[in-house]
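Below is the file data_34.cif, which contains mmCIF, C-alpha atoms.
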```
data_upload
#
loop_
_atom_site.label_atom_id
_atom_site.label_comp_id
_atom_site.auth_asym_id
_atom_site.auth_seq_id
_atom_site.Cartn_x
_atom_site.Cartn_y
_atom_site.Cartn_z
CA MET A 7 152.63 84.04 86.18
CA ARG A 8 150.96 86.63 88.39
CA GLY A 9 148.90 89.17 86.48
CA VAL A 10 148.16 86.75 83.67
CA LYS A 11 144.47 85.97 83.42
CA PRO A 12 143.87 82.22 83.55
CA ALA A 13 142.00 80.72 80.60
CA ALA A 14 138.29 80.16 81.30
CA ARG A 15 138.02 76.67 82.66
CA PRO A 16 135.01 74.49 81.85
CA LEU A 17 132.46 74.40 84.67
CA THR A 18 132.98 71.66 87.19
CA ARG A 19 130.25 69.08 87.54
CA VAL A 20 129.07 70.71 90.79
CA ALA A 21 128.96 74.16 89.20
CA LYS A 22 127.01 72.75 86.26
CA ARG A 23 124.46 71.18 88.58
CA ARG A 24 124.14 74.41 90.54
CA GLU A 25 123.55 76.39 87.35
CA LYS A 26 120.94 73.86 86.26
CA THR A 27 119.05 74.18 89.56
CA ARG A 28 119.20 77.96 89.48
CA ARG A 29 117.88 77.95 85.90
CA ALA A 30 115.06 75.58 86.89
CA LEU A 31 114.02 77.86 89.77
CA LEU A 32 113.95 80.92 87.49
CA ASP A 33 112.02 79.17 84.71
CA VAL A 34 109.49 77.62 87.06
CA ALA A 35 109.00 80.96 88.82
CA LEU A 36 108.38 82.81 85.54
CA GLY A 37 105.73 80.24 84.62
CA LEU A 38 104.05 80.48 88.02
CA PHE A 39 104.15 84.29 87.98
CA TYR A 40 102.27 84.11 84.67
CA GLU A 41 99.67 81.70 86.06
CA LYS A 42 99.13 83.08 89.55
CA GLY A 43 100.95 86.40 89.58
CA ILE A 44 103.97 87.58 91.56
CA TYR A 45 101.88 88.26 94.67
CA TRP A 46 100.09 84.95 95.05
CA THR A 47 103.06 82.73 94.15
CA LYS A 48 104.79 81.42 97.25
CA ILE A 49 108.35 80.11 97.49
CA GLU A 50 106.82 76.70 98.31
CA ASP A 51 104.91 76.77 95.00
CA ILE A 52 108.18 77.32 93.15
CA THR A 53 110.22 74.67 94.97
CA GLU A 54 107.40 72.14 94.76
CA ARG A 55 107.00 72.49 91.00
CA ALA A 56 110.79 72.53 90.52
CA ASP A 57 110.92 69.38 92.69
CA ILE A 58 113.49 70.93 95.01
CA GLY A 59 113.51 71.15 98.82
CA LYS A 60 112.42 74.54 100.16
CA GLY A 61 115.72 74.93 102.02
CA THR A 62 117.61 74.58 98.75
CA PHE A 63 115.87 77.69 97.38
CA TYR A 64 117.77 79.82 99.87
CA GLN A 65 121.13 78.55 98.57
CA TYR A 66 120.28 80.44 95.39
CA PHE A 67 118.10 83.40 96.39
CA ASP A 68 117.69 85.21 99.71
CA THR A 69 114.05 86.15 99.05
CA LYS A 70 111.32 85.84 96.44
CA GLU A 71 111.98 89.48 95.59
CA GLN A 72 115.60 88.72 94.77
CA LEU A 73 114.51 86.01 92.34
CA LEU A 74 111.99 88.49 90.91
CA ALA A 75 114.76 91.07 90.42
CA GLU A 76 116.87 88.46 88.61
CA LEU A 77 113.98 87.59 86.26
CA LEU A 78 113.30 91.28 85.64
CA ARG A 79 116.97 91.88 84.79
CA GLU A 80 117.14 88.83 82.51
CA GLY A 81 113.89 89.70 80.76
CA LEU A 82 114.85 93.31 80.12
CA GLU A 83 118.28 92.21 78.86
CA LEU A 84 116.66 89.71 76.50
CA LEU A 85 114.29 92.42 75.27
CA LEU A 86 117.16 94.86 74.71
CA ALA A 87 119.22 92.25 72.88
CA ARG A 88 116.30 91.62 70.51
CA MET A 89 115.96 95.34 69.80
CA LYS A 90 119.72 95.76 69.31
CA ALA A 91 119.89 92.88 66.86
CA ALA A 92 116.97 94.37 64.93
CA VAL A 93 118.46 97.89 64.62
CA SER A 94 121.81 96.60 63.42
CA SER A 95 120.27 96.43 59.94
CA ALA A 96 118.27 99.69 60.22
CA ASN A 97 119.20 103.29 59.62
CA GLY A 98 117.88 106.83 60.24
CA ALA A 99 114.18 106.96 59.46
CA GLY A 100 113.78 103.19 59.68
CA LEU A 101 115.04 103.01 63.26
CA VAL A 102 111.81 103.65 65.18
CA PRO A 103 109.59 101.22 63.22
CA VAL A 104 112.23 98.49 63.61
CA VAL A 105 112.53 99.06 67.37
CA VAL A 106 108.73 99.13 67.78
CA GLU A 107 108.36 95.94 65.75
CA SER A 108 111.01 94.04 67.70
CA ARG A 109 109.66 95.19 71.07
CA LEU A 110 106.17 94.10 70.09
CA ALA A 111 107.44 90.76 68.76
CA PHE A 112 109.27 90.11 72.04
CA PHE A 113 106.13 90.60 74.14
CA LEU A 114 103.99 88.48 71.83
CA ASP A 115 106.63 85.73 72.03
CA TYR A 116 106.88 86.09 75.82
CA PRO A 117 103.52 87.17 77.30
CA ALA A 118 104.84 85.95 80.67
CA TYR A 119 107.42 88.75 80.61
CA LEU A 120 104.77 91.33 79.61
CA LEU A 121 102.78 90.41 82.70
CA LEU A 122 105.88 90.21 84.91
CA PHE A 123 106.97 93.72 83.94
CA HIS A 124 103.39 94.98 84.36
CA GLN A 125 103.17 93.50 87.85
CA VAL A 126 106.57 94.89 88.86
CA ARG A 127 105.39 98.37 87.81
CA GLY A 128 102.34 97.82 90.03
CA LEU A 129 104.53 96.65 92.90
CA LEU A 130 106.67 99.78 92.57
CA GLN A 131 103.55 101.96 92.96
CA LEU A 132 102.55 100.35 96.25
CA GLN A 133 102.98 102.37 99.39
CA THR A 134 104.69 99.47 101.18
CA ALA A 135 108.47 99.42 101.11
CA VAL A 136 109.91 97.73 98.04
CA SER A 137 113.62 97.40 97.40
CA LYS A 138 115.26 100.13 95.34
CA GLU A 139 116.79 97.33 93.24
CA LEU A 140 113.72 96.78 91.04
CA ARG A 141 113.45 100.51 90.32
CA ASP A 142 117.16 100.66 89.44
CA ILE A 143 116.88 97.76 87.01
CA TYR A 144 114.07 99.64 85.22
CA ASN A 145 116.04 102.86 85.15
CA ILE A 146 119.02 101.15 83.56
CA HIS A 147 116.80 99.60 80.90
CA LEU A 148 115.26 102.97 80.00
CA ASP A 149 118.72 104.55 79.74
CA GLN A 150 119.85 101.76 77.42
CA LEU A 151 116.69 102.15 75.37
CA ALA A 152 117.35 105.91 75.16
CA GLN A 153 120.88 105.15 73.84
CA LEU A 154 119.37 102.88 71.19
CA LEU A 155 116.81 105.49 70.10
CA LYS A 156 119.17 108.47 70.10
CA PRO A 157 119.99 108.34 66.37
CA ALA A 158 116.24 108.73 65.61
CA LEU A 159 116.33 112.22 67.11
CA GLN A 160 118.34 115.05 65.57
CA GLY A 161 119.25 116.63 68.87
CA ARG A 162 115.80 117.07 70.43
CA GLY A 163 112.39 116.15 69.08
CA LYS A 164 109.16 118.16 68.98
CA GLY A 165 108.39 119.98 72.21
CA GLY A 166 111.96 119.28 73.39
CA THR A 167 111.57 115.49 73.48
CA SER A 168 114.82 113.91 74.71
CA ALA A 169 115.99 110.38 73.87
CA ARG A 170 115.00 109.36 77.38
CA ASP A 171 111.48 110.85 76.92
CA LEU A 172 111.19 108.91 73.68
CA ALA A 173 112.31 105.71 75.43
CA VAL A 174 109.69 106.15 78.17
CA ALA A 175 107.00 106.92 75.59
CA LEU A 176 107.93 103.83 73.53
CA ALA A 177 107.86 101.60 76.61
CA ALA A 178 104.61 103.15 77.89
CA PHE A 179 102.74 103.10 74.56
CA THR A 180 103.78 99.51 73.82
CA SER A 181 102.96 97.96 77.17
CA GLY A 182 99.86 100.15 77.59
CA LEU A 183 98.35 99.14 74.25
CA LEU A 184 99.32 95.48 74.56
CA THR A 185 97.93 95.27 78.07
CA TYR A 186 94.60 96.85 77.10
CA HIS A 187 94.29 94.57 74.09
CA LEU A 188 95.11 91.52 76.21
CA VAL A 189 92.55 92.53 78.82
CA LEU A 190 89.92 92.65 76.08
CA GLY A 191 91.03 89.64 74.05
CA SER A 192 93.33 86.61 73.94
CA VAL A 193 97.01 86.51 72.94
CA ASP A 194 95.94 85.04 69.59
CA GLU A 195 93.52 87.89 68.93
CA VAL A 196 96.23 90.38 69.76
CA LYS A 197 98.62 88.62 67.35
CA HIS A 198 96.02 89.12 64.64
CA ARG A 199 95.78 92.86 65.37
CA ARG A 200 99.55 93.17 65.62
CA ALA A 201 100.09 95.31 62.52
CA ALA A 202 97.44 97.81 63.65
CA ILE A 203 98.97 98.01 67.12
CA ALA A 204 102.47 98.56 65.68
CA ASP A 205 101.03 101.33 63.49
CA GLN A 206 99.45 103.12 66.43
CA ILE A 207 102.69 103.03 68.44
CA GLU A 208 104.77 104.23 65.48
CA GLN A 209 102.36 107.04 64.66
CA GLY A 210 102.15 108.06 68.30
CA LEU A 211 105.94 108.20 68.55
CA SER A 212 106.42 109.92 65.19
CA ALA A 213 104.46 112.87 66.61
CA LEU A 214 107.18 113.29 69.26
CA ILE A 215 110.20 113.18 66.93
CA MET B 13 47.07 104.01 92.60
CA ARG B 14 48.71 101.04 90.86
CA GLY B 15 51.14 102.06 88.16
CA VAL B 16 51.93 105.33 89.84
CA LYS B 17 55.53 105.49 90.95
CA PRO B 18 55.74 106.29 94.64
CA ALA B 19 57.75 109.37 95.55
CA ALA B 20 61.27 108.49 96.71
CA ARG B 21 61.06 108.07 100.45
CA PRO B 22 63.93 109.13 102.69
CA LEU B 23 66.14 106.23 103.74
CA THR B 24 65.13 104.55 106.96
CA ARG B 25 67.61 104.65 109.78
CA VAL B 26 68.56 101.02 109.14
CA ALA B 27 69.11 101.65 105.43
CA LYS B 28 71.25 104.68 106.26
CA ARG B 29 73.39 102.65 108.60
CA ARG B 30 73.74 99.90 106.01
CA GLU B 31 74.83 102.40 103.36
CA LYS B 32 77.35 103.90 105.78
CA THR B 33 78.89 100.49 106.51
CA ARG B 34 79.03 99.60 102.82
CA ARG B 35 80.72 102.92 102.06
CA ALA B 36 83.24 102.39 104.88
CA LEU B 37 84.13 98.93 103.52
CA LEU B 38 84.69 100.33 100.01
CA ASP B 39 86.75 103.31 101.18
CA VAL B 40 88.90 101.25 103.52
CA ALA B 41 89.46 98.64 100.80
CA LEU B 42 90.55 101.27 98.26
CA GLY B 43 93.07 102.61 100.77
CA LEU B 44 94.41 99.15 101.56
CA PHE B 45 94.61 98.21 97.88
CA TYR B 46 96.79 101.29 97.40
CA GLU B 47 99.04 100.37 100.34
CA LYS B 48 99.34 96.60 99.95
CA GLY B 49 97.79 95.85 96.58
CA ILE B 50 94.69 93.88 95.63
CA TYR B 51 96.47 90.54 95.99
CA TRP B 52 97.96 90.90 99.45
CA THR B 53 94.93 92.59 101.04
CA LYS B 54 92.80 90.06 102.91
CA ILE B 55 89.14 90.46 103.88
CA GLU B 56 90.32 90.44 107.53
CA ASP B 57 92.55 93.45 106.81
CA ILE B 58 89.54 95.35 105.48
CA THR B 59 87.12 94.46 108.28
CA GLU B 60 89.75 95.09 110.95
CA ARG B 61 90.56 98.58 109.71
CA ALA B 62 86.85 99.35 109.19
CA ASP B 63 86.26 98.07 112.73
CA ILE B 64 83.58 95.64 111.56
CA GLY B 65 83.18 91.93 112.30
CA LYS B 66 84.38 89.66 109.50
CA GLY B 67 80.94 88.03 109.25
CA THR B 68 79.37 91.43 108.56
CA PHE B 69 81.50 91.79 105.40
CA TYR B 70 79.52 89.00 103.79
CA GLN B 71 76.24 90.85 104.35
CA TYR B 72 77.55 93.35 101.80
CA PHE B 73 79.84 91.44 99.43
CA ASP B 74 80.05 87.73 98.56
CA THR B 75 83.80 87.86 97.89
CA LYS B 76 86.75 90.22 97.80
CA GLU B 77 86.47 90.14 94.01
CA GLN B 78 82.89 91.41 94.18
CA LEU B 79 84.03 94.37 96.27
CA LEU B 80 86.86 94.91 93.77
CA ALA B 81 84.36 94.92 90.90
CA GLU B 82 82.26 97.51 92.73
CA LEU B 83 85.30 99.77 93.27
CA LEU B 84 86.33 99.36 89.62
CA ARG B 85 82.83 100.32 88.46
CA GLU B 86 82.64 103.31 90.81
CA GLY B 87 86.12 104.50 89.86
CA LEU B 88 85.52 104.25 86.12
CA GLU B 89 82.15 106.03 86.51
CA LEU B 90 83.81 108.83 88.47
CA LEU B 91 86.50 109.12 85.81
CA LEU B 92 83.91 109.23 83.02
CA ALA B 93 81.84 111.84 84.87
CA ARG B 94 84.93 114.08 85.15
CA MET B 95 85.65 113.75 81.43
CA LYS B 96 82.00 114.40 80.52
CA ALA B 97 81.86 117.52 82.67
CA ALA B 98 85.07 118.76 81.03
CA VAL B 99 83.92 118.26 77.43
CA SER B 100 80.60 120.02 78.00
CA SER B 101 82.49 123.27 77.45
CA ALA B 102 84.69 121.99 74.60
CA ASN B 103 84.11 121.70 70.87
CA GLY B 104 85.65 120.06 67.77
CA ALA B 105 89.41 120.50 67.84
CA GLY B 106 89.46 121.25 71.56
CA LEU B 107 87.83 117.95 72.50
CA VAL B 108 90.90 115.68 72.72
CA PRO B 109 93.10 118.05 74.79
CA VAL B 110 90.22 118.57 77.23
CA VAL B 111 89.58 114.84 77.59
CA VAL B 112 93.32 114.13 78.03
CA GLU B 113 93.64 116.89 80.62
CA SER B 114 90.66 115.71 82.67
CA ARG B 115 91.75 112.06 82.55
CA LEU B 116 95.23 113.02 83.71
CA ALA B 117 93.83 115.27 86.46
CA PHE B 118 91.64 112.42 87.71
CA PHE B 119 94.56 110.04 88.10
CA LEU B 120 96.75 112.65 89.77
CA ASP B 121 93.91 113.36 92.21
CA TYR B 122 93.30 109.65 92.79
CA PRO B 123 96.56 107.67 92.47
CA ALA B 124 94.80 104.86 94.36
CA TYR B 125 92.48 104.39 91.37
CA LEU B 126 95.40 104.47 88.91
CA LEU B 127 96.98 101.58 90.80
CA LEU B 128 93.66 99.75 91.24
CA PHE B 129 92.96 99.85 87.49
CA HIS B 130 96.57 98.84 86.76
CA GLN B 131 96.31 95.84 89.08
CA VAL B 132 92.95 94.78 87.65
CA ARG B 133 94.50 94.78 84.16
CA GLY B 134 97.25 92.56 85.58
CA LEU B 135 94.68 90.27 87.20
CA LEU B 136 92.85 89.92 83.88
CA GLN B 137 96.07 88.73 82.20
CA LEU B 138 96.60 85.92 84.69
CA GLN B 139 96.01 82.40 83.50
CA THR B 140 93.91 81.57 86.57
CA ALA B 141 90.15 81.93 86.22
CA VAL B 142 88.90 85.45 86.91
CA SER B 143 85.26 86.43 86.67
CA LYS B 144 84.06 87.84 83.35
CA GLU B 145 82.57 90.72 85.35
CA LEU B 146 85.79 92.76 85.65
CA ARG B 147 86.43 92.46 81.92
CA ASP B 148 82.85 93.55 81.16
CA ILE B 149 83.16 96.63 83.37
CA TYR B 150 86.27 97.63 81.40
CA ASN B 151 84.60 97.01 78.09
CA ILE B 152 81.65 99.22 79.02
CA HIS B 153 84.01 102.02 80.07
CA LEU B 154 85.89 101.87 76.76
CA ASP B 155 82.61 101.99 74.82
CA GLN B 156 81.51 105.04 76.80
CA LEU B 157 84.88 106.68 76.23
CA ALA B 158 84.55 105.95 72.50
CA GLN B 159 81.13 107.68 72.51
CA LEU B 160 82.70 110.70 74.18
CA LEU B 161 85.58 110.87 71.67
CA LYS B 162 83.48 110.28 68.55
CA PRO B 163 83.04 113.98 67.67
CA ALA B 164 86.85 114.31 67.49
CA LEU B 165 86.89 111.95 64.50
CA GLN B 166 85.30 112.85 61.17
CA GLY B 167 84.16 109.34 60.38
CA ARG B 168 87.46 107.45 60.71
CA GLY B 169 90.90 108.73 61.60
CA LYS B 170 94.28 108.01 59.98
CA GLY B 171 94.85 104.37 59.12
CA GLY B 172 91.14 103.75 59.73
CA THR B 173 91.20 104.59 63.45
CA SER B 174 87.72 104.08 64.93
CA ALA B 175 86.38 105.91 67.99
CA ARG B 176 86.92 102.70 69.98
CA ASP B 177 90.58 102.49 68.78
CA LEU B 178 91.05 106.09 69.87
CA ALA B 179 89.50 105.34 73.27
CA VAL B 180 91.84 102.37 73.80
CA ALA B 181 94.85 104.44 72.69
CA LEU B 182 93.90 107.30 75.04
CA ALA B 183 93.47 104.92 77.98
CA ALA B 184 96.67 103.02 77.15
CA PHE B 185 98.87 106.09 76.54
CA THR B 186 97.63 107.83 79.71
CA SER B 187 97.98 104.94 82.13
CA GLY B 188 101.16 103.72 80.44
CA LEU B 189 102.94 107.08 80.71
CA LEU B 190 101.65 107.81 84.22
CA THR B 191 102.66 104.37 85.45
CA TYR B 192 106.19 104.63 84.03
CA HIS B 193 106.63 108.11 85.49
CA LEU B 194 105.35 106.92 88.89
CA VAL B 195 107.71 103.94 88.85
CA LEU B 196 110.60 106.33 88.29
CA GLY B 197 109.46 109.16 90.57
CA SER B 198 106.96 110.25 93.21
CA VAL B 199 103.40 111.53 92.68
CA ASP B 200 104.69 115.06 93.35
CA GLU B 201 107.40 114.76 90.71
CA VAL B 202 104.81 113.52 88.23
CA LYS B 203 102.55 116.49 89.07
CA HIS B 204 105.47 118.76 88.17
CA ARG B 205 105.90 117.04 84.81
CA ARG B 206 102.17 117.03 84.16
CA ALA B 207 102.13 119.50 81.26
CA ALA B 208 104.84 117.55 79.42
CA ILE B 209 102.98 114.28 79.93
CA ALA B 210 99.69 115.79 78.69
CA ASP B 211 101.57 117.06 75.62
CA GLN B 212 102.98 113.64 74.81
CA ILE B 213 99.56 111.99 75.08
CA GLU B 214 97.89 114.68 72.97
CA GLN B 215 100.59 114.56 70.30
CA GLY B 216 100.50 110.77 70.26
CA LEU B 217 96.73 110.79 69.79
CA SER B 218 96.74 113.61 67.24
CA ALA B 219 98.77 111.33 64.96
CA LEU B 220 95.83 108.89 64.95
CA ILE B 221 93.07 111.39 64.14
#
```

For the file at hand, write its structure as structure tokens.
Amino acid sequence: MRGVKPAARPLTRVAKRREKTRRALLDVALGLFYEKGIYWTKIEDITERADIGKGTFYQYFDTKEQLLAELLREGLELLLARMKAAVSSANGAGLVPVVVESRLAFFLDYPAYLLLFHQVRGLLQLQTAVSKELRDIYNIHLDQLAQLLKPALQGRGKGGTSARDLAVALAAFTSGLLTYHLVLGSVDEVKHRRAAIADQIEQGLSALI
Amino acid sequence: MRGVKPAARPLTRVAKRREKTRRALLDVALGLFYEKGIYWTKIEDITERADIGKGTFYQYFDTKEQLLAELLREGLELLLARMKAAVSSANGAGLVPVVVESRLAFFLDYPAYLLLFHQVRGLLQLQTAVSKELRDIYNIHLDQLAQLLKPALQGRGKGGTSARDLAVALAAFTSGLLTYHLVLGSVDEVKHRRAAIADQIEQGLSALI
């Protein structure tokens, strides 16, 4: 029977428990990163709140940065999945508003991810050595976003805007505006101003298309 | 002679020395914040590099956050002064491009301030208590920026954009785009793409006016 792919077997009890622990570490870390930030959160803080021995952490992640990379990847995948699901029912001219709306909705549902992404972008600007991995994860996301936005451009937009330029502008306008509004008000206040924020992003992008 | 304001006297030697030490602490801190970030930089790191006893730090600042607030205020004042000087030779339609260009130039000249402001906005999103002071400094800057941009709007812009909305959008688009470009490339690469970035910000804002 060589060459025949075996049917996916259900997870063993051990594998299930391992997956549960890994999930707990990621979830607890995301919560702590939102409370205290990625810089001030120590591995001990994560294992203590997850009620796991510190040694156990290293069976799952080599470093805090590796866990951070995993959360970044998961978060960006979740965000992309939301946008993809939203555009499946959109066409041509409706594409950009739908993408903007779903991106905004994601960040208002998950402010912890908004802050995580913001802090990772700060980390990547530091002059101390940071692994290339985080930068690569971001690059992949922006390429995927460019793919998603491509149908909104007939070839190139105004001033030669490429799909990748449009993706960067969408990401930058959305997180920039949300971050400024959150600095000046609470998540609830921002939710109230949501339609106005979506409008500004859409109008800003429409000038590039 | 009561009621008559005395002529400004030259600083005494002690006052001069104090001002020099204070300046050294601020400059060294800005450099360290750019290298290691505001979270990982300890007061000891600052005093050690400034070659000052740790106790002396507290003769100038009560906490690291107070020093941070001072740098934020100075940086935003410097940024505003640059924009004000630039608009003094601009009128009506030329106002927004001139403000965009001078804001962009400031951040490319001082990437340490771009990162400092970025990290402060991250700090203000954390769920741990942060002093109201940092938020207030930001608010004042955005009000001043709104004052500066007011002549670009005849009353209200598209969709009811106020001068304050335009100020927030300018700040958000500029730092958002610069931050994304810096995450994906070096300061030198961003300087090369400067004209394209200025274009995107201007076009994005023109859609709101």

For this session: Output as an MDAnalysis selection string the set of chain B residues within 9 Å of chain A, with distances taken over only C-alpha atoms.
Result: chainID B and resid 45:49 51:52 127:128 130:131 133:140 147:148 150:151 171 173 180:181 183:196 198 208 211:213 215:220

For this session: Starting from the shown file, work through the PyMOL selection byres ((chain B and resi 87) around 10) and note down what comes out as a ChimeraX atom specification.
Result: /B:81-86,88-93,118,122,124-126,128-129

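Across the model, the gap from atom CA of B:Leu80 to atom CA of B:Leu42 is 8.6 Å.
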
Exercise. How many Å lie between atom CA of B:Gly167 and atom CA of B:Val99, rounded to one decimal?
Worked result: 19.2 Å

For this session: Find the distance between atom CA of A:Ala56 and atom CA of A:Thr27 and write it in Å to one decimal.
Result: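 For atom CA of A:Ala56 relative to atom CA of A:Thr27, the distance reads 8.5 Å.
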
Exercise. B:Lys162, B:Arg205, B:Arg29, B:Arg34: which is nearest B:Ala175, counting all atoms listed in the file?
Worked result: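 Ranking B:Lys162, B:Arg205, B:Arg29, B:Arg34 by distance to B:Ala175, first place goes to B:Lys162.
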
Centre, x/y/z edge lengths, axis-aligned box for stretch 47-50 of chain A with 6 Å per side, as lines of an AutoDock Vina configuration file:
```
center_x = 105.7
center_y = 79.7
center_z = 96.2
size_x = 17.3
size_y = 18.0
size_z = 16.2
```

Exercise. Residues at most 12 Å from A:Gln65, counting only C-alpha atoms, excluding those fewer than 2 positions away in the same chain, as a VMD selection string?
Worked result: chain A and resid 24 to 25 27 to 28 31 58 to 63 67 to 69 73

Exercise. Mind listing as number ranges by chain all residues within 12 Å of (79.3, 118.6, 75.7), counting all atoms listed in the file?
Worked result: B: 93-104, 106-107, 110-111, 159-164

Exercise. Looking at only C-alpha atoms, which of A:Lys197, A:Arg29, A:Arg15, A:Val20 is the one that sits closest to A:Asp115?
Worked result: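 Of A:Lys197, A:Arg29, A:Arg15, A:Val20, the one nearest A:Asp115, counting only C-alpha atoms, is A:Lys197.
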